[in-house]
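Below is input10.pdb, holding PDB, C-alpha atoms.
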ATOM      1  CA  MET L  23      21.905 146.699  18.212
ATOM      2  CA  ILE L  24      23.279 148.370  15.118
ATOM      3  CA  ALA L  25      24.548 146.012  12.446
ATOM      4  CA  SER L  26      28.259 146.196  11.772
ATOM      5  CA  THR L  27      29.486 147.722   8.549
ATOM      6  CA  ASP L  28      32.339 146.578   6.405
ATOM      7  CA  THR L  29      34.963 148.960   5.026
ATOM      8  CA  GLY L  30      32.662 149.810   2.106
ATOM      9  CA  GLY L  31      29.890 150.951   4.440
ATOM     10  CA  VAL L  32      27.632 147.995   3.587
ATOM     11  CA  THR L  33      25.561 146.670   6.480
ATOM     12  CA  SER L  34      26.243 142.997   7.171
ATOM     13  CA  PRO L  35      24.512 140.436   9.367
ATOM     14  CA  ALA L  36      26.635 138.823  12.048
ATOM     15  CA  ARG L  37      28.644 135.933  10.641
ATOM     16  CA  ILE L  38      28.539 134.215  14.029
ATOM     17  CA  GLU L  39      25.682 135.286  16.268
ATOM     18  CA  PRO L  40      26.321 136.090  19.928
ATOM     19  CA  LEU L  41      25.347 133.179  22.128
ATOM     20  CA  PRO L  42      22.369 134.237  24.259
ATOM     21  CA  PRO L  43      22.936 133.903  28.028
ATOM     22  CA  THR L  44      20.116 131.358  28.199
ATOM     23  CA  ALA L  45      22.261 129.018  26.045
ATOM     24  CA  TRP L  46      25.471 129.350  28.084
ATOM     25  CA  ASP L  47      26.720 126.236  29.798
ATOM     26  CA  ALA L  48      28.102 126.354  33.361
ATOM     27  CA  ASP L  49      31.666 127.031  32.149
ATOM     28  CA  GLN L  50      30.538 129.891  29.904
ATOM     29  CA  ARG L  51      28.487 131.409  32.734
ATOM     30  CA  ARG L  52      31.502 131.278  35.089
ATOM     31  CA  LEU L  53      33.717 132.786  32.421
ATOM     32  CA  LEU L  54      31.437 135.779  31.826
ATOM     33  CA  GLU L  55      30.191 136.205  35.398
ATOM     34  CA  GLY L  56      30.301 139.915  36.183
ATOM     35  CA  ALA L  57      31.359 140.853  32.630
ATOM     36  CA  PRO L  58      29.433 143.572  30.804
ATOM     37  CA  PRO L  59      26.769 142.249  28.408
ATOM     38  CA  LEU L  60      28.737 142.928  25.228
ATOM     39  CA  ALA L  61      27.965 141.362  21.864
ATOM     40  CA  LEU L  62      31.670 140.693  21.320
ATOM     41  CA  LEU L  63      31.978 138.707  24.558
ATOM     42  CA  ALA L  64      28.761 136.821  23.854
ATOM     43  CA  THR L  65      30.210 135.875  20.470
ATOM     44  CA  LEU L  66      33.664 134.946  21.739
ATOM     45  CA  VAL L  67      32.192 132.809  24.535
ATOM     46  CA  ARG L  68      31.401 130.296  21.793
ATOM     47  CA  HIS L  69      35.169 129.621  21.927
ATOM     48  CA  ALA L  70      35.556 129.598  25.706
ATOM     49  CA  THR L  71      39.154 128.360  25.649
ATOM     50  CA  LEU L  72      40.237 131.343  23.568
ATOM     51  CA  LEU L  73      38.180 133.816  25.595
ATOM     52  CA  ARG L  74      39.542 132.442  28.876
ATOM     53  CA  SER L  75      43.088 133.176  27.675
ATOM     54  CA  TRP L  76      42.260 136.580  26.216
ATOM     55  CA  LEU L  77      40.307 138.078  29.150
ATOM     56  CA  PRO L  78      43.285 138.532  31.531
ATOM     57  CA  LEU L  79      45.213 140.549  28.934
ATOM     58  CA  ALA L  80      42.172 142.676  28.136
ATOM     59  CA  LYS L  81      41.535 143.363  31.825
ATOM     60  CA  THR L  82      45.186 144.242  32.442
ATOM     61  CA  ILE L  83      45.283 146.692  29.551
ATOM     62  CA  LEU L  84      42.048 148.388  30.618
ATOM     63  CA  SER L  85      42.462 148.496  34.374
ATOM     64  CA  ALA L  86      46.001 147.652  35.452
ATOM     65  CA  GLY L  87      48.204 148.889  32.650
ATOM     66  CA  ALA L  88      51.036 151.369  33.053
ATOM     67  CA  LEU L  89      49.811 153.776  30.369
ATOM     68  CA  PRO L  90      47.726 156.741  31.470
ATOM     69  CA  ASP L  91      44.073 156.144  30.525
ATOM     70  CA  ARG L  92      44.016 159.117  28.166
ATOM     71  CA  ASP L  93      47.084 157.877  26.285
ATOM     72  CA  ARG L  94      45.723 154.336  26.061
ATOM     73  CA  GLU L  95      42.445 155.607  24.635
ATOM     74  CA  LEU L  96      44.217 157.718  22.010
ATOM     75  CA  LEU L  97      46.043 154.566  20.884
ATOM     76  CA  VAL L  98      42.871 152.457  20.916
ATOM     77  CA  LEU L  99      40.741 154.988  19.043
ATOM     78  CA  ARG L 100      43.406 155.486  16.387
ATOM     79  CA  THR L 101      43.693 151.707  16.034
ATOM     80  CA  ALA L 102      39.908 151.411  15.694
ATOM     81  CA  TRP L 103      40.022 154.119  13.020
ATOM     82  CA  ASN L 104      42.892 152.467  11.157
ATOM     83  CA  CYS L 105      41.119 149.092  11.261
ATOM     84  CA  ARG L 106      37.746 150.638  10.356
ATOM     85  CA  SER L 107      36.151 149.025  13.411
ATOM     86  CA  ASP L 108      32.785 150.500  14.315
ATOM     87  CA  TYR L 109      32.612 148.144  17.269
ATOM     88  CA  GLU L 110      35.868 149.213  18.890
ATOM     89  CA  TRP L 111      35.315 152.887  18.062
ATOM     90  CA  GLY L 112      31.839 152.888  19.606
ATOM     91  CA  HIS L 113      32.995 151.334  22.850
ATOM     92  CA  HIS L 114      36.181 153.342  23.213
ATOM     93  CA  GLU L 115      34.570 156.663  22.360
ATOM     94  CA  ARG L 116      32.837 156.349  25.746
ATOM     95  CA  LEU L 117      35.957 155.139  27.543
ATOM     96  CA  ALA L 118      37.905 158.032  26.016
ATOM     97  CA  ALA L 119      35.414 160.499  27.491
ATOM     98  CA  LYS L 120      35.909 158.907  30.920
ATOM     99  CA  ALA L 121      39.668 159.215  30.386
ATOM    100  CA  GLY L 122      39.387 162.965  29.813
ATOM    101  CA  LEU L 123      39.198 163.320  26.034
ATOM    102  CA  ASP L 124      36.514 165.750  24.931
ATOM    103  CA  ARG L 125      34.292 165.243  21.870
ATOM    104  CA  GLU L 126      36.459 167.471  19.698
ATOM    105  CA  GLU L 127      39.573 165.467  20.563
ATOM    106  CA  VAL L 128      37.836 162.155  19.918
ATOM    107  CA  ALA L 129      36.658 163.402  16.520
ATOM    108  CA  ARG L 130      40.171 164.696  15.790
ATOM    109  CA  VAL L 131      41.622 161.199  16.278
ATOM    110  CA  ALA L 132      40.077 160.322  12.911
ATOM    111  CA  GLN L 133      42.078 163.144  11.305
ATOM    112  CA  GLY L 134      45.320 161.684  12.567
ATOM    113  CA  PRO L 135      48.542 162.953  14.104
ATOM    114  CA  GLU L 136      48.955 165.888  11.735
ATOM    115  CA  ALA L 137      45.610 167.487  12.639
ATOM    116  CA  SER L 138      45.935 170.834  14.370
ATOM    117  CA  GLY L 139      45.352 170.900  18.101
ATOM    118  CA  TRP L 140      47.476 167.952  19.222
ATOM    119  CA  GLU L 141      50.302 168.393  21.672
ATOM    120  CA  PRO L 142      53.642 167.007  20.375
ATOM    121  CA  PHE L 143      53.440 163.946  22.624
ATOM    122  CA  GLU L 144      49.874 163.187  21.499
ATOM    123  CA  ARG L 145      51.085 163.396  17.899
ATOM    124  CA  ALA L 146      53.763 160.845  18.749
ATOM    125  CA  LEU L 147      51.179 158.481  20.259
ATOM    126  CA  LEU L 148      48.922 158.717  17.215
ATOM    127  CA  ARG L 149      51.927 158.354  14.927
ATOM    128  CA  ALA L 150      52.968 155.219  16.835
ATOM    129  CA  ALA L 151      49.515 153.685  16.275
ATOM    130  CA  ASP L 152      49.694 154.554  12.572
ATOM    131  CA  GLN L 153      53.209 153.175  12.179
ATOM    132  CA  LEU L 154      52.374 149.958  14.004
ATOM    133  CA  HIS L 155      49.315 149.542  11.782
ATOM    134  CA  ALA L 156      51.213 150.188   8.556
ATOM    135  CA  ARG L 157      54.632 148.658   9.308
ATOM    136  CA  ALA L 158      54.368 146.597  12.506
ATOM    137  CA  SER L 159      57.072 148.827  13.998
ATOM    138  CA  ILE L 160      57.772 152.352  15.277
ATOM    139  CA  ASP L 161      60.462 154.548  13.730
ATOM    140  CA  GLN L 162      63.292 155.926  15.850
ATOM    141  CA  LYS L 163      61.978 159.510  15.935
ATOM    142  CA  THR L 164      58.596 158.375  17.278
ATOM    143  CA  TRP L 165      60.246 155.961  19.710
ATOM    144  CA  ASP L 166      62.494 158.738  21.034
ATOM    145  CA  ALA L 167      59.466 161.016  21.559
ATOM    146  CA  LEU L 168      57.709 158.273  23.539
ATOM    147  CA  ALA L 169      60.868 157.351  25.479
ATOM    148  CA  ALA L 170      61.312 160.975  26.571
ATOM    149  CA  ARG L 171      58.195 160.587  28.738
ATOM    150  CA  TYR L 172      57.672 156.871  29.260
ATOM    151  CA  GLY L 173      59.549 154.230  31.210
ATOM    152  CA  GLU L 174      60.041 150.635  30.163
ATOM    153  CA  HIS L 175      56.570 149.445  31.175
ATOM    154  CA  GLU L 176      54.787 152.118  29.157
ATOM    155  CA  LEU L 177      57.087 151.586  26.158
ATOM    156  CA  ILE L 178      56.359 147.860  26.197
ATOM    157  CA  GLU L 179      52.649 148.548  26.530
ATOM    158  CA  VAL L 180      52.339 150.836  23.489
ATOM    159  CA  PRO L 181      52.727 148.073  20.876
ATOM    160  CA  ALA L 182      50.897 145.596  23.131
ATOM    161  CA  VAL L 183      47.843 147.886  23.316
ATOM    162  CA  VAL L 184      47.828 148.554  19.579
ATOM    163  CA  GLY L 185      48.313 144.857  18.849
ATOM    164  CA  GLN L 186      45.573 143.819  21.272
ATOM    165  CA  TYR L 187      43.101 146.211  19.677
ATOM    166  CA  HIS L 188      44.121 145.171  16.191
ATOM    167  CA  ALA L 189      43.185 141.625  17.150
ATOM    168  CA  LEU L 190      39.870 142.748  18.621
ATOM    169  CA  ALA L 191      39.074 144.996  15.655
ATOM    170  CA  PHE L 192      39.932 142.233  13.199
ATOM    171  CA  THR L 193      37.743 139.781  15.109
ATOM    172  CA  ALA L 194      34.790 142.170  15.443
ATOM    173  CA  ASN L 195      35.061 143.174  11.778
ATOM    174  CA  VAL L 196      35.401 139.649  10.387
ATOM    175  CA  LEU L 197      32.587 138.268  12.537
ATOM    176  CA  ALA L 198      30.454 141.392  11.840
ATOM    177  CA  VAL L 199      29.694 141.825  15.550
ATOM    178  CA  ALA L 200      26.817 144.260  15.972
ATOM    179  CA  LEU L 201      27.458 147.511  17.820
ATOM    180  CA  GLU L 202      25.234 147.819  20.875
ATOM    181  CA  ASP L 203      22.434 150.403  20.840
ATOM    182  CA  GLY L 204      23.432 153.892  21.903
ATOM    183  CA  LEU L 205      27.028 153.637  20.693
ATOM    184  CA  SER L 206      28.354 155.586  17.728
ATOM    185  CA  PRO L 207      30.018 153.993  14.717
ATOM    186  CA  LEU L 208      33.124 155.485  13.145
ATOM    187  CA  PRO L 209      32.784 159.015  11.816
ATOM    188  CA  ALA L 210      32.709 159.319   8.028
ATOM    189  CA  ARG L 211      36.058 159.675   6.283
TER
END

Now that the file is in, can you turn its structure into structure tokens?
Amino acid sequence: MIASTDTGGVTSPARIEPLPPTAWDADQRRLLEGAPPLALLATLVRHATLLRSWLPLAKTILSAGALPDRDRELLVLRTAWNCRSDYEWGHHERLAAKAGLDREEVARVAQGPEASGWEPFERALLRAADQLHARASIDQKTWDALAARYGEHELIEVPAVVGQYHALAFTANVLAVALEDGLSPLPAR
């Protein structure tokens, strides 16, 4: 695993170590049965009550949400960038590729909505993530651009996705959760 970095690029040890599977009690094993072996989950399982409540939302957003996968991953990657979360960036860089974003597009997320090459709707998505990060809201122009394509479910999901990944990024950053081997940290600014 690669150690997490803080916003200054300094490598930090985990503040709370992931609980090894050999130390899981029966409840923790049931909770993570079939889950991928992620350092974040192995850390959060130390607070099984919280993890039990969080997992259904995470699963819904990733596999049963109304947003197209590509759009969701643009929002998540931009949120990871805004939060300076190596952990979320590394994991969602791979999910973004599965959702149809090429390497150039993933790298361009770090440049933001004004970078050349984005379609107008993609700019609006990235702008929404930036506005939610900075102001906890979306301005009317951005909302109107999203509402021109999305129905109610998708419009409700946009801030829910950004908020969910803010919470995950904050948690991974604060706890200094190590990025698993083979995953890439955030690109340099």

_On this structure, the PyMOL selection byres ((chain L and resi 153) around 12) would catch which residues? List them as number ranges by chain, sorted by chain and number._
L: 97, 100-101, 104, 134-135, 145-152, 154-165, 180-181, 184-185

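Closest approach to Val131 of chain L from the set L:Leu54, L:Leu66, L:Pro90, L:Arg211 is made by L:Arg211, with distances taken over all atoms listed in the file.
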
*Neighbours of Pro209 of chain L within 12 Å (only C-alpha atoms; same-chain residues fewer than 5 positions away dropped), as a ChimeraX atom specification?*
/L:31,99,102-103,106-108,111-112,115,125,128-133

Could you write out that same residue set with C-alpha atoms as an mmCIF file, keeping the file's coordinate frame?
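Below is the file that was written, out.cif:
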data_model
loop_
_atom_site.group_PDB
_atom_site.id
_atom_site.type_symbol
_atom_site.label_atom_id
_atom_site.label_comp_id
_atom_site.auth_asym_id
_atom_site.auth_seq_id
_atom_site.Cartn_x
_atom_site.Cartn_y
_atom_site.Cartn_z
ATOM 1 C CA GLY L 31 29.890 150.951 4.440
ATOM 2 C CA LEU L 99 40.741 154.988 19.043
ATOM 3 C CA ALA L 102 39.908 151.411 15.694
ATOM 4 C CA TRP L 103 40.022 154.119 13.020
ATOM 5 C CA ARG L 106 37.746 150.638 10.356
ATOM 6 C CA SER L 107 36.151 149.025 13.411
ATOM 7 C CA ASP L 108 32.785 150.500 14.315
ATOM 8 C CA TRP L 111 35.315 152.887 18.062
ATOM 9 C CA GLY L 112 31.839 152.888 19.606
ATOM 10 C CA GLU L 115 34.570 156.663 22.360
ATOM 11 C CA ARG L 125 34.292 165.243 21.870
ATOM 12 C CA VAL L 128 37.836 162.155 19.918
ATOM 13 C CA ALA L 129 36.658 163.402 16.520
ATOM 14 C CA ARG L 130 40.171 164.696 15.790
ATOM 15 C CA VAL L 131 41.622 161.199 16.278
ATOM 16 C CA ALA L 132 40.077 160.322 12.911
ATOM 17 C CA GLN L 133 42.078 163.144 11.305
#

Translate the PyMOL selection byres ((chain L and resi 77-86) around 12) into a concrete residue list for this structure, as a short mmCIF file (atom, residue, chain, number, x, y, z; two decimals) with C-alpha atoms, in the coordinates of the input.
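Full text of out_24.cif as output:
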data_model
loop_
_atom_site.label_atom_id
_atom_site.label_comp_id
_atom_site.auth_asym_id
_atom_site.auth_seq_id
_atom_site.Cartn_x
_atom_site.Cartn_y
_atom_site.Cartn_z
CA LEU L 53 33.72 132.79 32.42
CA LEU L 54 31.44 135.78 31.83
CA ALA L 57 31.36 140.85 32.63
CA LEU L 62 31.67 140.69 21.32
CA LEU L 63 31.98 138.71 24.56
CA LEU L 66 33.66 134.95 21.74
CA VAL L 67 32.19 132.81 24.54
CA ALA L 70 35.56 129.60 25.71
CA THR L 71 39.15 128.36 25.65
CA LEU L 72 40.24 131.34 23.57
CA LEU L 73 38.18 133.82 25.60
CA ARG L 74 39.54 132.44 28.88
CA SER L 75 43.09 133.18 27.68
CA TRP L 76 42.26 136.58 26.22
CA GLY L 87 48.20 148.89 32.65
CA ALA L 88 51.04 151.37 33.05
CA LEU L 89 49.81 153.78 30.37
CA PRO L 90 47.73 156.74 31.47
CA ASP L 91 44.07 156.14 30.52
CA ARG L 92 44.02 159.12 28.17
CA ASP L 93 47.08 157.88 26.28
CA ARG L 94 45.72 154.34 26.06
CA GLU L 95 42.44 155.61 24.64
CA LEU L 97 46.04 154.57 20.88
CA VAL L 98 42.87 152.46 20.92
CA HIS L 114 36.18 153.34 23.21
CA LEU L 117 35.96 155.14 27.54
CA ALA L 118 37.90 158.03 26.02
CA ALA L 121 39.67 159.22 30.39
CA HIS L 175 56.57 149.44 31.18
CA GLU L 176 54.79 152.12 29.16
CA ILE L 178 56.36 147.86 26.20
CA GLU L 179 52.65 148.55 26.53
CA VAL L 180 52.34 150.84 23.49
CA PRO L 181 52.73 148.07 20.88
CA ALA L 182 50.90 145.60 23.13
CA VAL L 183 47.84 147.89 23.32
CA VAL L 184 47.83 148.55 19.58
CA GLY L 185 48.31 144.86 18.85
CA GLN L 186 45.57 143.82 21.27
CA TYR L 187 43.10 146.21 19.68
CA ALA L 189 43.18 141.62 17.15
CA LEU L 190 39.87 142.75 18.62
#

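Residue nearest Arg37 of chain L within the list L:Lys120, L:Phe192, L:Pro59, L:Thr65: L:Thr65 [criterion: smallest interatomic distance, all atoms listed in the file].
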
Take every atom of segment 64-78 of chain L listed in the file, fit an axis-aligned box around them, add 4 Å per side, and give the centre and edge lengths in Å to one decimal as lines of an AutoDock Vina configuration file.
center_x = 36.0
center_y = 133.4
center_z = 26.0
size_x = 22.5
size_y = 18.2
size_z = 19.1

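Atom CA of Val199 of chain L sits 12.4 Å away from atom CA of His113 of chain L.
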
When you get a chance, write out N, CA, C and O atoms for segment 40-58 of chain L, as a PDB file, keeping the file's coordinate frame.
ATOM      1  N   PRO L  40      26.013 136.213  18.498  1.00  0.00           N
ATOM      2  CA  PRO L  40      26.321 136.090  19.928  1.00  0.00           C
ATOM      3  C   PRO L  40      25.475 134.971  20.540  1.00  0.00           C
ATOM      4  O   PRO L  40      24.323 134.768  20.155  1.00  0.00           O
ATOM      5  N   LEU L  41      26.068 134.247  21.447  1.00  0.00           N
ATOM      6  CA  LEU L  41      25.347 133.179  22.128  1.00  0.00           C
ATOM      7  C   LEU L  41      24.506 133.806  23.239  1.00  0.00           C
ATOM      8  O   LEU L  41      25.053 134.477  24.118  1.00  0.00           O
ATOM      9  N   PRO L  42      23.195 133.628  23.213  1.00  0.00           N
ATOM     10  CA  PRO L  42      22.369 134.237  24.259  1.00  0.00           C
ATOM     11  C   PRO L  42      22.689 133.613  25.624  1.00  0.00           C
ATOM     12  O   PRO L  42      22.985 132.418  25.710  1.00  0.00           O
ATOM     13  N   PRO L  43      22.632 134.416  26.687  1.00  0.00           N
ATOM     14  CA  PRO L  43      22.936 133.903  28.028  1.00  0.00           C
ATOM     15  C   PRO L  43      22.137 132.659  28.403  1.00  0.00           C
ATOM     16  O   PRO L  43      22.639 131.811  29.136  1.00  0.00           O
ATOM     17  N   THR L  44      20.937 132.535  27.882  1.00  0.00           N
ATOM     18  CA  THR L  44      20.116 131.358  28.199  1.00  0.00           C
ATOM     19  C   THR L  44      20.717 130.073  27.622  1.00  0.00           C
ATOM     20  O   THR L  44      20.356 128.981  28.058  1.00  0.00           O
ATOM     21  N   ALA L  45      21.632 130.196  26.664  1.00  0.00           N
ATOM     22  CA  ALA L  45      22.261 129.018  26.045  1.00  0.00           C
ATOM     23  C   ALA L  45      23.653 128.725  26.608  1.00  0.00           C
ATOM     24  O   ALA L  45      24.288 127.755  26.206  1.00  0.00           O
ATOM     25  N   TRP L  46      24.132 129.561  27.527  1.00  0.00           N
ATOM     26  CA  TRP L  46      25.471 129.350  28.084  1.00  0.00           C
ATOM     27  C   TRP L  46      25.485 128.123  28.976  1.00  0.00           C
ATOM     28  O   TRP L  46      24.563 127.909  29.778  1.00  0.00           O
ATOM     29  N   ASP L  47      26.542 127.344  28.867  1.00  0.00           N
ATOM     30  CA  ASP L  47      26.720 126.236  29.798  1.00  0.00           C
ATOM     31  C   ASP L  47      27.362 126.781  31.085  1.00  0.00           C
ATOM     32  O   ASP L  47      27.671 127.976  31.181  1.00  0.00           O
ATOM     33  N   ALA L  48      27.572 125.910  32.060  1.00  0.00           N
ATOM     34  CA  ALA L  48      28.102 126.354  33.361  1.00  0.00           C
ATOM     35  C   ALA L  48      29.472 127.007  33.212  1.00  0.00           C
ATOM     36  O   ALA L  48      29.755 128.023  33.856  1.00  0.00           O
ATOM     37  N   ASP L  49      30.332 126.468  32.359  1.00  0.00           N
ATOM     38  CA  ASP L  49      31.666 127.031  32.149  1.00  0.00           C
ATOM     39  C   ASP L  49      31.570 128.431  31.531  1.00  0.00           C
ATOM     40  O   ASP L  49      32.265 129.355  31.954  1.00  0.00           O
ATOM     41  N   GLN L  50      30.716 128.587  30.548  1.00  0.00           N
ATOM     42  CA  GLN L  50      30.538 129.891  29.904  1.00  0.00           C
ATOM     43  C   GLN L  50      29.971 130.915  30.885  1.00  0.00           C
ATOM     44  O   GLN L  50      30.400 132.070  30.891  1.00  0.00           O
ATOM     45  N   ARG L  51      29.037 130.495  31.724  1.00  0.00           N
ATOM     46  CA  ARG L  51      28.487 131.409  32.734  1.00  0.00           C
ATOM     47  C   ARG L  51      29.570 131.854  33.708  1.00  0.00           C
ATOM     48  O   ARG L  51      29.667 133.030  34.042  1.00  0.00           O
ATOM     49  N   ARG L  52      30.394 130.921  34.173  1.00  0.00           N
ATOM     50  CA  ARG L  52      31.502 131.278  35.089  1.00  0.00           C
ATOM     51  C   ARG L  52      32.474 132.229  34.414  1.00  0.00           C
ATOM     52  O   ARG L  52      32.930 133.198  35.006  1.00  0.00           O
ATOM     53  N   LEU L  53      32.761 131.972  33.169  1.00  0.00           N
ATOM     54  CA  LEU L  53      33.717 132.786  32.421  1.00  0.00           C
ATOM     55  C   LEU L  53      33.247 134.226  32.278  1.00  0.00           C
ATOM     56  O   LEU L  53      34.035 135.160  32.403  1.00  0.00           O
ATOM     57  N   LEU L  54      31.966 134.427  32.053  1.00  0.00           N
ATOM     58  CA  LEU L  54      31.437 135.779  31.826  1.00  0.00           C
ATOM     59  C   LEU L  54      30.724 136.364  33.044  1.00  0.00           C
ATOM     60  O   LEU L  54      30.140 137.443  32.945  1.00  0.00           O
ATOM     61  N   GLU L  55      30.814 135.694  34.177  1.00  0.00           N
ATOM     62  CA  GLU L  55      30.191 136.205  35.398  1.00  0.00           C
ATOM     63  C   GLU L  55      30.764 137.585  35.717  1.00  0.00           C
ATOM     64  O   GLU L  55      31.969 137.774  35.793  1.00  0.00           O
ATOM     65  N   GLY L  56      29.888 138.553  35.859  1.00  0.00           N
ATOM     66  CA  GLY L  56      30.301 139.915  36.183  1.00  0.00           C
ATOM     67  C   GLY L  56      30.797 140.724  34.998  1.00  0.00           C
ATOM     68  O   GLY L  56      31.100 141.906  35.132  1.00  0.00           O
ATOM     69  N   ALA L  57      30.906 140.127  33.823  1.00  0.00           N
ATOM     70  CA  ALA L  57      31.359 140.853  32.630  1.00  0.00           C
ATOM     71  C   ALA L  57      30.201 141.680  32.068  1.00  0.00           C
ATOM     72  O   ALA L  57      29.035 141.310  32.217  1.00  0.00           O
ATOM     73  N   PRO L  58      30.515 142.786  31.417  1.00  0.00           N
ATOM     74  CA  PRO L  58      29.433 143.572  30.804  1.00  0.00           C
ATOM     75  C   PRO L  58      28.775 142.771  29.677  1.00  0.00           C
ATOM     76  O   PRO L  58      29.430 141.946  29.039  1.00  0.00           O
TER      77      PRO L  58
END
